[in-house]
Every structure is written in structure tokens, then in C-alpha cells.
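*Asks:* Right, I'll just put the structure down here and ask away after.
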Number of protein chains: 2
Amino acid sequence: MAGLPAEFGLIARHFLPLAGPSALGLADDAALLDPPAGRQLVLAADAMVAGVHFLPEDPPETVGRKLLRVNLSDLAAMGAAPLAYLMTTALPRDLPPLWLEGFVAGLAEDQVRFGLQVLGGDTVSIPGPITLSLTILGTVAPGGALRRSGARPGDGIWVSGTIGDGALGLRVLQGRLPADAEGHLARRYRLPDPRLALGAALSGLAHAAMDVSDGLVQDLGHLCRAGGLGAVLRADAVPLSPAARALVMADPALLPVVLSGGDDYELLFAAPPGAAVEARAAATGTAVARIGQFVEGPAEVLVQGPDGAPLALPAGGWSHF
Amino acid sequence: MAGLPAEFGLIARHFLPLAGPSALGLADDAALLDPPAGRQLVLAADAMVAGVHFLPEDPPETVGRKLLRVNLSDLAAMGAAPLAYLMTTALPRDLPPLWLEGFVAGLAEDQVRFGLQVLGGDTVSIPGPITLSLTILGTVAPGGALRRSGARPGDGIWVSGTIGDGALGLRVLQGRLPADAEGHLARRYRLPDPRLALGAALSGLAHAAMDVSDGLVQDLGHLCRAGGLGAVLRADAVPLSPAARALVMADPALLPVVLSGGDDYELLFAAPPGAAVEARAAATGTAVARIGQFVEGPAEVLVQGPDGAPLALPAGGWSHF
């Protein structure tokens with residue numbers, strides 16, 4: 001019997017420290033998990049490709065965390081609590097070992113932060129770019145999941161945090177926009193902040209919710225189609241970070257990038273008038289802003305510009321194909 | 001609001017027909033699943049890259065099915081029953097639409113065959129080879145899962161089906177070996193047969209089990225390390241298909257390819273002397289063969305050649321790195 005192939009050493013060295021007891025030491029054919037009693041499972045999967053979803057020169061520490069966090073953002077949008085994940089990595093053979101060390105170190109940090117364990121996965125070689133896939137499992141009280149459908153005419157349109165930082169941060173990292181002094185925009189592109197506490201707090205209050213990944217306007221369109229109603233979005237009510245605001249003030253042509261650029265990973269949700277949205281959000285330490293209203297009518301998003309007139313946006317959102 | 005990006009049409013057209021009710025129409029942020037009462041969850045994930053795990057010219061119908069079946073083989077190795085899956089696909093932008101149609105048609109066929117539904121996933125573009133990742137969920141009675149550890153000295157080493165077809169089939173498809181008249185070897189490479197019924201039947205009988213994916217000898221080494229014991233494998237007891245036997249008879253140098261080539265997806269398991277292995281296997285319609293014995297000693301595999309003398313094998317198994 002010859003020595004074990006290198007991938008076993010790689011898994012034992014890098015991924016085993018991430019594994020919880022259900023992973024069976026990453027040494028069996030599958031993981032064994034007792035589902036938490038009295039909870040529904042919430043499951044999502046996202047893939048990331050170097051050069052498409054992150055920059056090849058991004059620090060590996062943030063790549064692993066971004067992969068985890070975009071999936072956690074899906075759980076947040078359902079009001080779910082994180083449980084565990086599985087991950088497959090397709091890595092070029094000439095990947096520097098330090099890259100993988102950083103990637104795993106980032107994951108380890110965020111596992112602690114979000115109370116997660118890895119259950120299993122696969123590590124393979126690829127004659128192409130680093131390609132990552134992560135399946136996340138969460139849980140929610142039966143019937144308590146937030147859904148995309150359910151918004152009603154008259155509901156307020158709410159969003160968490162600030163919008164546009166990720167899309168602007170990508171352009172900063174690409175050298176197409178000047179960086180802010182604190183590096184806020186680049187950091188937001190590389191490290192989204194999944195709004196898990198807010199999502200959980202909105203269960204039973206919000207009529208509908210999703211996370212903003214493809215662009216605010218496009219994703220609002222999804223809520224409209226799911227609910228069979230329209231939306232009026234007030235562009236000047238959309239919360240911007242100081243860094244984003246400075247860029248848009250200097251060049252108003254960046255407003256469409258903010259509104260439909262994507263990579264925000266904030267929560268977008270519908271809540272009835274009078275609902276205690278701000279109190280619940282404040283209890284979780286999350287900023288929220290009311291940015292418009294759902295209306296009867298066809299499933300369309302009307303964006304009101306700062307002057308009150310309809311704002312024409314280029315074709316909304318990022319598409320892979 | 002402009003039209004939806006093409007990926008939404010792609011998902012609705014190709015993947016939505018595969019979705020079950022828990023997938024929420026593939027239109028929400030995540031799937032919602034009620035875990036089956038009184039069962040443990042079994043979870044595994046595998047990735048496949050064109051040119052590494054399948055041939056770029058393989059029929060797309062078999063690519064989807066192979067992806068599903070290598071994951072199902074992990075469930076079989078745990079004695080688990082299939083429940084559902086999530087899948088991410090990273091596809092080149094110039095992929096012919098017919099490829100995706102075939103890929104999905106194959107998945108649809110096998111979903112019916114194995115009683116599965118898709119829960120969700122992600123479809124992204126890649127400036128590289130087709131890269132697929134699938135996470136499978138199964139269930140098993142609490143405590144009933146087959147594990148890799150647990151083999152005892154004196155246990156028989158058993159294997160299902162025939163060994164070596166996949167590794168030889170790859171070489172046939174690469175033009176390095178002559179094809180058999182029925183196309184058996186190529187078919188076995190492209191379409192493994194997950195031994196789910198046998199796995200379930202072995203629960204409570206086998207002391208240890210795994211599926212053979214990296215090569216019989218290497219995978220037997222995993223059972224030895226997990227159990228802290230050695231193994232004596234009789235090469236002439238390893239079951240071969242008529243097509244594989246014909247090739248090895250013509251060129252005995254192919255025996256190492258059979259024994260450590262991988263891509264078998266048969267079950268390899270330990271059972272105590274006198275256990276009703278053959279009766280249980282026969283009840284599931286699965287051929288099994290006893291190919292050696294576990295022994296006390298260091299975690300090493302001794303392969304006895306057809307003449308009874310130890311057979312030296314090249315470094316065992318496939319490695320990605």
C-alpha cells in the first residue's frame with residue numbers, strides 16, 4: 001500500500017479542523033446529522049468562481065468568508081438560524097498552499113462567529129479558475145420562514161444597512177473608481193454582513209423578504225412578481241454609506257450602479273404600516289430604512305429619482321448568461 | 001424594469017421541472033424541508049469537472065446521471081435512503097443549449113428512478129470547464145448507518161458487482177484500449193450503479209462499509225485505517241465482468257488498473273463469518289463476492305496475486321493533487 005494521495009493530507013490538514021462531530025472526522029462516506037427536533041430545515045446552495053464572483057487577487061481569508069456569508073444571507077432572508085454546511089472546492093493544481101491556508105482560516109473565523117460546523121464536501125482539481133460551491137443548512141420554527149411572496153399593497157418597502165457599497169467596492173478594486181480612505185467600499189464587496197439577527201426578528205412581522213444580491217431594483221422586482229403587485233421606490237430614501245454618498249454626489253451617473261449593481265446582501269422586506277419594524281431592528285443593532293411602498297398594479301418597479309420624476313435605469317441586475 | 005436576465009429563464013426552463021414542493025418553485029432564497037420524523041439525516045457532497053471526472057465529449061444525459069449517482073453511492077455506503085439534493089452548475093457561456101437539455105433530461109430520469117427531488121442550487125458562468133457540485137441528503141434509521149470503522153479480524157472482505165469496469169471504460173473512451181462489442185466498459189464509466197438496496201440490506205449485518213471510488217486497494221486501505229487492522233485481498237477472487245476479464249487475460253499488466261483504477265462505485269464491506277451476506281444480497285438482486293479477509297496487524301493491504309505471491313501495485317488510487 002503506497003502512501004495516501006496528497007488530497008487526503010490536504011483535507012486532514014486544512015478542512016478537518018473545521019469539522020464538527022456530525023462530520024465523522026471527514027473520513028466516512030457521508031455525514032450523520034440528527035435534525036433539531038421541532039424545526040424545519042432551510043437549505044440553499046451558492047457557487048463562486050474566481051474572476052466572476054470574487055477577484056483572483058482578493059485575500060483568500062475573505063474569499064472563504066464571502067462564500068459562507070452569501071449563503072448565510074440566504075438563511076437570513078428566510079429568518080432562519082445557521083446549522084451546518086457542506087462545501088466543494090475545485091482548485092488549480094498550482095494554487096499556492098498559502099492560499100488554501102488563508103481560505104480555511106477565514107472560514108474558521110466565521111464558523112465561530114456564526115455558530116456553524118462543516119459536515120463534509122469534496123476537494124478536486126480543475127484546469128481552470130478556483131470554483132467553490134457551498135450548501136448551507138439552517139433551521140426555522142415551523143411556519144415561521146420569511147417568504148418572497150406575501151407583500152400587500154400599502155406595505156412599506158424596507159431595506160437593511162446601506163445599498164451600493166458592494167457594487168462600488170468592486171469598481172474601486174478594479175481601479176475604475178477612487179478608493180475611500182477607510183477602505184469601506186472594498187471591504188463591503190469582499191465581506192458581506194448577513195443580517196441573521198434581523199431576519200429572525202422579522203419572522204411574524206414582515207409580509208415578505210429576500211436578500212439583495214442581484215441589485216436592489218431587480219430584487220424588488222422579484223418581490224413584486226412573487227406577490228403580484230407593484231412597487232414605488234424612492235431613490236433618495238435608499239440608505240447610502242458616507243463613502244458611497246460621496247461618490248454619487250461627485251458623479252450622479254453612479255446612482256444606477258448603486259440601485260442595480262448587486263452584491264449588497266442586505267435584507268429587502270415588506271412590512272405593513274405601523275408595524276414595529278424600527279424597534280425590532282434596533283433590538284438587533286441593525287439599521288433599517290423605509291425606501292418606498294408596494295402598490296396595486298402590475299408587477300413593476302417604478303423608481304422615483306431625487307427630483308420626483310421616474311428614473312430610467314439600464315437593464316437591471318447582473319446576469320451570468 | 002427591464003426583462004429578467006437570461007439565467008432566470010434558464011432556471012425556469014431547465015431546472016424547475018426537477019423541483020419538488022420543498023423547493024418553493026426555485027423562486028425563494030432557500031428551500032424549506034420538514035425532516036422525516038424519527039430518521040437521521042445523511043449528507044454528502046461531490047464535485048465533477050469536465051476533463052477530470054468526465055470526458056468533455058460524454059453525452060450530457062450521462063453527465064447529470066453520473067453526478068447524481070456518485071452521490072447516491074455515498075448514501076448507499078451508509079445504508080441510507082435518498083431524500084433530496086441541491087446542485088450548483090458553473091457553465092461556460094458558449095455551452096450549447098442542447099447540452100443543458102440533455103444534462104437535465106438525464107437528471108429527470110434518475111430522479112424518478114431513485115425517488116429524489118431537487119431542493120435548490122445556483123447556476124453561474126465560468127471561464128473554464130463545466131464544473132458541477134451536488135449535495136445529497138438521505139435518511140437512515142437512528143444508529144443504523146453503515147460506517148467505515150468497525151471491521152474485525154476474521155471478517156470477510158466483500159464487494160458488490162464487478163471491479164475495474166470504470167477504469168477500463170475510461171481507457172476505452174480515451175482510445176487506449178479496444179472497446180468491447182456491447183459497450184459495457186464505457187457505459188460503466190459513464191453510468192455507475194449506486195447499490196442503494198444492498199446498502200440498506202447490509203445495515204445491522206456488515207461491520208463496516210464504504211463505496212469504491214478511488215480504487216479497490218486504496219479504499220480497502222481506508223477500511224483498514226478506520227478499523228485499525230490489516231487486510232489480505234485475493235486478486236483472483238475479485239469479480240470481473242466478461243469484458244474486463246477478456247482485457248486482463250489479453251494483457252495481465254491491466255490487473256493493477258482493475259484493482260486500483262477507481263470509478264467503480266461498488267460497495268466494499270466487512271462481514272463476519274457465517275453472516276447471511278449472500279442471502280441478503282440476493283434478495284436485493286445484487287451480486288456480491290468475498291474477496292479476502294481482514295486480519296490483525298498494521299493497517300496495510302496485502303494483495304495476493306493469482307499465483308498466491310504478494311502482488312506489487314503502483315502507488316494506489318487516483319489523486320487530484
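Each chain in the C-alpha cells gets a letter, A, B, ..., in the order shown, and its residues are numbered from 1; ligands are numbered from 1 in order too.
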With only C-alpha atoms as the counted atoms, please give the residues lying no more than 9 Å from His207 in chain B, apart from itself and same-chain residues fewer than 5 positions off, as a list in words.
*Replies:*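 Result of the neighbour search: Leu146, Arg147, Arg148, Ser149, Gly150, Ala151, Arg152, Asp155, Leu202, Phe269, Ala270, Ala271 and Pro272 of chain B.
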*Asks:* Would you pick out the contacts of Ala289 in chain B at 12 Å or less, using only C-alpha atoms, so that residues sharing its chain but fewer than 4 positions from it are not included, and give the list as a list in words?
*Replies:*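 Here the qualifying residues turn out to be Gly156, Ile157, Trp158, Val159, Ser160, Gly161, Thr162, Ile163, Leu233, Arg234, Ala235, Asp236, Ala237, Val238, Pro239, Leu240, Glu266, Leu267, Leu268, Phe269, Ala270, Ala271, Val277, Glu278, Ala281, Ala282 and Gln293 of chain B.
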*Asks:* Enumerate as a ChimeraX atom specification all residues of range 215-310 of chain A assigned to strand (DSSP E or B) by DSSP on the backbone, naming them with the chain letters and numbers the document uses.
*Replies:* /A:230-234,266-271,288-295,301-304,310
*Asks:* With a distance cut-off of 8 Å and only C-alpha atoms, select the neighbouring residues of Leu72 in chain A, excluding the residue or stretch itself and same-chain residues fewer than 5 positions from it, and output the selection as a CSV table (one decimal) with N, CA and C atoms, in the first residue's frame.
*Replies:*
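Wrote it out as selection_34.csv, contents follow:
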```
chain,number,residue,atom,x,y,z
A,82,PRO,N,-28.5,29.5,11.4
A,82,PRO,CA,-27.5,28.6,10.8
A,82,PRO,C,-27.3,27.3,11.6
A,136,ILE,N,-25.7,25.3,2.4
A,136,ILE,CA,-25.9,25.7,3.8
A,136,ILE,C,-27.2,25.1,4.3
A,194,PRO,N,-24.2,39.2,6.7
A,194,PRO,CA,-25.5,38.5,6.6
A,194,PRO,C,-26.4,39.0,7.8
A,196,LEU,N,-28.6,38.0,9.9
A,196,LEU,CA,-29.3,36.9,10.5
A,196,LEU,C,-30.2,37.3,11.7
```
*Asks:* In terms of the shortest atom-to-atom distance over only C-alpha atoms, which of B:Leu41, B:Leu259, B:Ala30, B:Leu191 is closest to Ala76 in chain A?
*Replies:*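 Between B:Leu41, B:Leu259, B:Ala30, B:Leu191, the residue approaching Ala76 in chain A most closely is B:Ala30.
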*Asks:* Could you give me, as an NGL selection string, the residues within 9 Å of Gly166 in chain B, counting only C-alpha atoms and dropping anything in the same chain fewer than 2 positions from it?
*Replies:* :B and (163-164 or 168-171 or 185-192 or 258 or 261-265)
*Asks:* Keeping only C-alpha atoms, write the selected residues to a file as a compact mmCIF listing (two decimals), in the first residue's frame.
*Replies:*
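Writing done, so here's out14.txt:
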```
# COMPACT_ATOMS: atom_id res chain seq x y z
CA ILE B 163 -14.49 -4.19 -10.25
CA GLY B 164 -12.40 -2.37 -12.82
CA LEU B 168 -11.03 0.25 -18.13
CA GLY B 169 -14.02 2.04 -19.65
CA LEU B 170 -12.24 5.38 -19.30
CA ARG B 171 -9.27 3.96 -21.20
CA LEU B 185 -17.00 -0.81 -20.10
CA ALA B 186 -17.71 2.68 -21.46
CA ARG B 187 -21.23 2.52 -20.07
CA ARG B 188 -19.96 1.56 -16.64
CA TYR B 189 -17.55 4.51 -16.66
CA ARG B 190 -20.30 6.91 -17.60
CA LEU B 191 -23.12 5.47 -15.52
CA PRO B 192 -22.28 3.92 -12.18
CA VAL B 258 -8.58 -3.05 -12.31
CA GLY B 261 -8.11 2.38 -11.05
CA GLY B 262 -11.20 3.72 -9.32
CA ASP B 263 -14.59 4.86 -10.63
CA ASP B 264 -16.21 1.59 -9.53
CA TYR B 265 -18.94 2.84 -7.19
```
*Asks:* Could you please write out, as a ChimeraX atom specification, every residue of range 40-158 of chain B that DSSP assigns to alpha helix (DSSP H)?
*Replies:* /B:60-78,97-114
*Asks:* Find the residues near range 119-123 of chain B: any atom within 7 Å, counting only C-alpha atoms, skip ones fewer than 4 places away on the same chain, and give them as a short mmCIF file (atom, residue, chain, number, x, y, z; two decimals) with all heavy atoms, in the first residue's frame.
*Replies:*
```
data_model
loop_
_atom_site.label_atom_id
_atom_site.label_comp_id
_atom_site.auth_asym_id
_atom_site.auth_seq_id
_atom_site.Cartn_x
_atom_site.Cartn_y
_atom_site.Cartn_z
N ALA A 44 -29.95 26.05 1.16
CA ALA A 44 -29.61 26.83 -0.03
C ALA A 44 -28.20 26.46 -0.46
O ALA A 44 -27.42 25.94 0.32
CB ALA A 44 -29.70 28.33 0.28
N ALA A 45 -27.88 26.75 -1.71
CA ALA A 45 -26.54 26.49 -2.24
C ALA A 45 -26.14 27.62 -3.17
O ALA A 45 -26.96 28.10 -3.95
CB ALA A 45 -26.48 25.15 -2.98
N ASP A 46 -24.90 28.06 -3.05
CA ASP A 46 -24.36 29.09 -3.94
C ASP A 46 -22.98 28.69 -4.40
O ASP A 46 -22.22 28.06 -3.66
CB ASP A 46 -24.29 30.45 -3.21
CG ASP A 46 -25.61 31.19 -3.23
OD1 ASP A 46 -26.12 31.44 -4.33
OD2 ASP A 46 -26.13 31.50 -2.15
N ALA A 47 -22.66 29.10 -5.61
CA ALA A 47 -21.33 28.84 -6.17
C ALA A 47 -20.61 30.16 -6.39
O ALA A 47 -21.25 31.20 -6.60
CB ALA A 47 -21.46 28.08 -7.49
N ALA B 19 -37.94 20.22 -9.69
CA ALA B 19 -38.12 20.63 -8.30
C ALA B 19 -39.35 20.01 -7.66
O ALA B 19 -40.40 19.90 -8.30
CB ALA B 19 -38.20 22.15 -8.22
N GLY B 20 -39.23 19.64 -6.41
CA GLY B 20 -40.36 19.19 -5.63
C GLY B 20 -40.94 20.35 -4.82
O GLY B 20 -40.44 21.47 -4.90
N SER B 22 -40.80 21.19 -1.75
CA SER B 22 -39.92 21.84 -0.78
C SER B 22 -39.03 22.91 -1.41
O SER B 22 -38.47 23.74 -0.72
CB SER B 22 -39.02 20.80 -0.09
OG SER B 22 -39.79 19.90 0.66
N ALA B 23 -38.90 22.86 -2.73
CA ALA B 23 -38.02 23.82 -3.41
C ALA B 23 -38.67 25.19 -3.56
O ALA B 23 -38.01 26.13 -4.00
CB ALA B 23 -37.63 23.27 -4.78
N LEU B 26 -38.20 27.06 -6.76
CA LEU B 26 -36.84 27.59 -7.02
C LEU B 26 -36.88 29.10 -7.12
O LEU B 26 -36.06 29.71 -7.79
CB LEU B 26 -36.25 26.99 -8.30
CG LEU B 26 -36.06 25.47 -8.32
CD1 LEU B 26 -35.46 25.02 -9.65
CD2 LEU B 26 -35.17 25.02 -7.16
N ALA B 30 -34.30 30.11 -0.32
CA ALA B 30 -33.85 28.81 0.15
C ALA B 30 -35.04 27.85 0.07
O ALA B 30 -36.17 28.26 -0.19
CB ALA B 30 -33.32 28.91 1.58
N ALA B 31 -34.76 26.59 0.29
CA ALA B 31 -35.81 25.57 0.33
C ALA B 31 -36.23 25.34 1.78
O ALA B 31 -35.49 25.64 2.71
CB ALA B 31 -35.29 24.27 -0.27
N ALA B 84 -33.30 14.00 -1.15
CA ALA B 84 -33.35 15.20 -1.98
C ALA B 84 -31.93 15.66 -2.26
O ALA B 84 -30.97 15.12 -1.70
CB ALA B 84 -34.12 16.31 -1.27
N TYR B 85 -31.78 16.66 -3.13
CA TYR B 85 -30.43 17.18 -3.41
C TYR B 85 -30.47 18.64 -3.79
O TYR B 85 -31.52 19.17 -4.16
CB TYR B 85 -29.73 16.35 -4.49
CG TYR B 85 -30.30 16.45 -5.89
CD1 TYR B 85 -29.69 17.28 -6.84
CD2 TYR B 85 -31.40 15.73 -6.29
CE1 TYR B 85 -30.18 17.38 -8.13
CE2 TYR B 85 -31.90 15.81 -7.58
CZ TYR B 85 -31.29 16.63 -8.50
OH TYR B 85 -31.78 16.73 -9.78
N LEU B 86 -29.32 19.28 -3.66
CA LEU B 86 -29.08 20.63 -4.17
C LEU B 86 -27.90 20.55 -5.14
O LEU B 86 -27.02 19.70 -4.97
CB LEU B 86 -28.76 21.63 -3.06
CG LEU B 86 -29.86 21.83 -2.01
CD1 LEU B 86 -29.65 20.92 -0.82
CD2 LEU B 86 -29.95 23.28 -1.56
N MET B 87 -27.90 21.42 -6.13
CA MET B 87 -26.87 21.33 -7.16
C MET B 87 -26.46 22.72 -7.61
O MET B 87 -27.31 23.59 -7.80
CB MET B 87 -27.43 20.54 -8.35
CG MET B 87 -26.45 20.37 -9.51
SD MET B 87 -27.16 19.34 -10.83
CE MET B 87 -28.54 20.39 -11.31
N THR B 88 -25.16 22.93 -7.76
CA THR B 88 -24.68 24.15 -8.41
C THR B 88 -23.98 23.76 -9.70
O THR B 88 -23.27 22.75 -9.76
CB THR B 88 -23.73 24.96 -7.52
OG1 THR B 88 -22.54 24.22 -7.28
CG2 THR B 88 -24.38 25.31 -6.18
N THR B 89 -24.22 24.56 -10.74
CA THR B 89 -23.59 24.31 -12.02
C THR B 89 -22.84 25.57 -12.45
O THR B 89 -23.41 26.67 -12.44
CB THR B 89 -24.63 23.95 -13.10
OG1 THR B 89 -25.56 25.02 -13.22
CG2 THR B 89 -25.40 22.70 -12.73
N ALA B 90 -21.58 25.42 -12.78
CA ALA B 90 -20.78 26.50 -13.35
C ALA B 90 -20.55 26.14 -14.82
O ALA B 90 -19.89 25.14 -15.12
CB ALA B 90 -19.45 26.66 -12.60
#
```
*Asks:* Residues at most 8 Å from Val42 in chain B, counting only C-alpha atoms, excluding those fewer than 5 positions away in the same chain, as a list in words?
*Replies:*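 Residues meeting the cut-off are Ala30, Ala31, Leu32 and Leu33 of chain A; Leu75, Met78, Ala80, Leu137, Gly138, Thr139 and Val140 of chain B.
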